Amino acid sequence: MKDRRFYTEANREAWNRAVRVMRPQRGESLERDLARPDFSALDRELAAQLAAIGLAGKAVAHFCCHNGIELISILRQGAARGVGFDIADEAVAEARKLAALAGVAAEFERTDVYDIAATHDGRFDLVLFTIGGLCWLPDLPGVFRIAARLLRPGGDLVISDLHPFTMMLPVPGEEAFHDPYRVEYSYFTGEPAVSCDGIDYVGHTKYDSTAKYDFPQKLSDVVNALLGAGFSLLSLTEYPHDIANLFGHLEKDGKVPLCYLLRARRAGIDRGI
């Protein structure tokens with residue numbers, strides 16, 4: 001594999017293009033949603049987990065925050081401070097605009113998550129990763145060590161993401177899609193997937209994009225990287241509902257895991273981090 005910076009900068013360019021493609025397709029829908037005081041962009045299980053943890057008075061760091069709507073939702077649920085980190089210039093600009101429209105004092109920083117400044121160390125009670133964040137990161141142990149740095153002792157890390165099982169299954173519209181339950185891709189590939197057909201999760205259009213790289217990660221990769229970074233695993237729950245709007249044809253049967261929710265806690269001892 002190439003070095004880490006090669007992949008993160010390539011994905012930065014691809015995501016900048018993607019945000020520009022999706023913006024006119026979405027129109028003013030996000031602005032209308034955020035105008036409703038009851039609107040939340042959080043998955044229902046994630047919202048319940050955060051409520052159980054308790055957000056009041058907490059400082060939250062959202063890694064790979066994209067356009068910030070989940071962090072805005074968290075601040076509306078009572079968090080005292082929220083900082084979102086994302087590598088894409090266009091996404092951060094959109095996040096700042098949406099936070100201003102929502103009247104929420106969220107902070108957004110344009111940075112490679114591997115370069116988050118030491119000035120943030122020990123300033124957060126919760127670090128959050130949400131759907132589609134981890135898969136763009138070439139070094140899980142590295143990013144979890146940074147998350148541990150940012151957390152106060154006893155702070156929590158929460159991941160709400162697609163289940164890695166879904167990596168094995170094509171979705172309708174893909175050439176490899178035949179039977180919805182037919183495994184077409186290896187769970188153990190280990191190599192980054194590269195494509196140039198865009199990242200349009202709004203209109204699902206194909207367009208010429210610069211190369212983007214996503215990294216297949218087994219569930220064991222995530223857990224072991226967390227343990228190696230000094231975290232204790234508190235809970236790991238798998239669910240059959242579709243948080244990506246890609247697997248509705250599987251959600252209706254409720255037979256396979258489509259997403260998961262993980263909670264881990266930073267140990268009080270640094271373990272050399």
# chains A, B, ... in the order shown; residues from 1 in each chain; ligands from 1
call {"tool": "residues_around", "arguments": {"residues": "Arg110 of chain A", "least_positions_apart": "6", "cutoff": "7 Å", "atoms": "only C-alpha atoms", "output": "list in words"}}
result
Phe85, Asp86, Ile87, Ala88, Asp89 and Val92 of chain A
call {"tool": "closest_atom_pairs", "arguments": {"of": "segment 109-146 of chain A", "to": "segment 213-234 of chain A", "cutoff": "6 Å", "atoms": "only C-alpha atoms", "output": "Markdown table"}}
result
| residue | atom | partner | partner_atom | distance |
| --- | --- | --- | --- | --- |
| A:Cys135 | CA | A:Phe215 | CA | 5.1 |
| A:Trp136 | CA | A:Asp214 | CA | 4.7 |
| A:Pro141 | CA | A:Ala225 | CA | 4.7 |
| A:Phe144 | CA | A:Ala229 | CA | 6.0 |
| A:Arg145 | CA | A:Ala229 | CA | 5.1 |
call {"tool": "write_last_selection", "arguments": {"atoms": "C-alpha atoms", "output": "PDB file, in the first residue's frame"}}
result
ATOM      1  CA  CYS A 135     -14.095   3.076   5.748  1.00  0.00           C
ATOM      2  CA  TRP A 136     -12.103   5.995   4.291  1.00  0.00           C
ATOM      3  CA  PRO A 141      -5.026   1.827  15.135  1.00  0.00           C
ATOM      4  CA  PHE A 144      -8.131   5.348  17.585  1.00  0.00           C
ATOM      5  CA  ARG A 145      -4.902   6.432  19.288  1.00  0.00           C
TER       6      ARG A 145
END
call {"tool": "closest_residue", "arguments": {"among": "A:Ala10, A:Met22, A:Leu98, A:Leu46", "to": "Asp200 of chain A", "atoms": "only C-alpha atoms"}}
result
A:Met22
call {"tool": "select_by_dssp", "arguments": {"residues": "segment 195-260 of chain A", "states": "helix (DSSP H, G or I)", "output": "ChimeraX atom specification"}}
result
/A:219-228,248-251
call {"tool": "residues_around", "arguments": {"residues": "Asp33 of chain A", "least_positions_apart": "4", "cutoff": "12 Å", "atoms": "only C-alpha atoms", "output": "number ranges by chain"}}
result
A: 26-29, 37-41, 69, 72-73, 98, 101-102
call {"tool": "residues_around", "arguments": {"residues": "segment 54-58 of chain A", "least_positions_apart": "2", "cutoff": "8 Å", "atoms": "only C-alpha atoms", "output": "list in words"}}
result
Leu50, Ala51, Ala52, Val60, Ile74, Gln77, Gly78, Ala79, Ala80, Arg81, Phe124, Asp125 and Leu126 of chain A
call {"tool": "write_last_selection", "arguments": {"atoms": "C-alpha atoms", "output": "compact mmCIF listing (two decimals), in the first residue's frame"}}
result
# COMPACT_ATOMS: atom_id res chain seq x y z
CA LEU A 50 -26.32 8.85 23.49
CA ALA A 51 -29.33 9.50 25.70
CA ALA A 52 -28.26 6.60 27.92
CA VAL A 60 -18.30 15.86 21.84
CA ILE A 74 -26.26 16.14 19.22
CA GLN A 77 -29.96 17.08 22.43
CA GLY A 78 -28.06 18.92 25.15
CA ALA A 79 -24.31 18.54 24.60
CA ALA A 80 -22.42 21.58 25.86
CA ARG A 81 -19.82 21.68 23.09
CA PHE A 124 -13.66 15.78 25.19
CA ASP A 125 -16.01 13.44 27.00
CA LEU A 126 -17.16 11.62 23.87
call {"tool": "residues_around", "arguments": {"residues": "Ala148 of chain A", "least_positions_apart": "3", "cutoff": "9 Å", "atoms": "only C-alpha atoms", "output": "list of chain:residue names"}}
result
A:Asp121, A:Gly122, A:Val127, A:Val143, A:Phe144, A:Arg145, A:Leu151, A:Arg152, A:Pro153, A:Gly155, A:Leu157, A:Ala229, A:Gly230, A:Phe231, A:Arg265, A:Arg266, A:Ala267, A:Asp270, A:Ile273
call {"tool": "closest_residue", "arguments": {"among": "A:Val202, A:Leu250, A:Leu140, A:Ile159", "to": "Gln25 of chain A", "atoms": "only C-alpha atoms"}}
result
A:Val202
call {"tool": "atom_distance", "arguments": {"atom1": "atom CA of Tyr185 of chain A", "atom2": "atom CA of His163 of chain A"}}
result
14.4 Å
call {"tool": "residues_around", "arguments": {"residues": "Arg17 of chain A", "least_positions_apart": "5", "cutoff": "12 Å", "atoms": "only C-alpha atoms", "output": "number ranges by chain"}}
result
A: 10-12, 22-23, 88-91, 196-200, 207-212
call {"tool": "atom_distance", "arguments": {"atom1": "atom CA of Cys64 of chain A", "atom2": "atom CA of Gly84 of chain A"}}
result
7.3 Å
call {"tool": "atom_distance", "arguments": {"atom1": "atom CA of Val171 of chain A", "atom2": "atom CA of Leu30 of chain A"}}
result
25.9 Å
call {"tool": "closest_residue", "arguments": {"among": "A:Tyr239, A:Phe247, A:Phe63, A:Tyr7", "to": "Glu109 of chain A", "atoms": "only C-alpha atoms"}}
result
A:Phe63
call {"tool": "closest_residue", "arguments": {"among": "A:Asp115, A:Glu94, A:Asp179, A:Asp253", "to": "Val19 of chain A", "atoms": "only C-alpha atoms"}}
result
A:Glu94
call {"tool": "residues_around", "arguments": {"residues": "Ala105 of chain A", "least_positions_apart": "5", "cutoff": "10 Å", "atoms": "only C-alpha atoms", "output": "JSON, numbers by chain"}}
result
{"A": [72, 75, 76, 80, 81, 82, 83, 96, 99, 100]}
call {"tool": "closest_atom_pairs", "arguments": {"of": "segment 118-187 of chain A", "to": "segment 1-5 of chain A", "cutoff": "10 Å", "atoms": "only C-alpha atoms", "output": "CSV"}}
result
residue,atom,partner,partner_atom,distance
A:Leu137,CA,A:Arg4,CA,8.4
A:Pro138,CA,A:Arg4,CA,6.2
A:Asp139,CA,A:Arg4,CA,7.4
call {"tool": "write_last_selection", "arguments": {"atoms": "C-alpha atoms", "output": "compact mmCIF listing (two decimals), in the first residue's frame"}}
result
# COMPACT_ATOMS: atom_id res chain seq x y z
CA LEU A 137 -9.35 5.71 6.89
CA PRO A 138 -6.27 3.60 6.03
CA ASP A 139 -5.02 3.22 9.61
call {"tool": "select_by_dssp", "arguments": {"residues": "segment 2-220 of chain A", "states": "strand (DSSP E)", "output": "PyMOL selection string"}}
result
chain A and resi 59-63+81-86+107-110+124-129+151-162+193-195+212-214
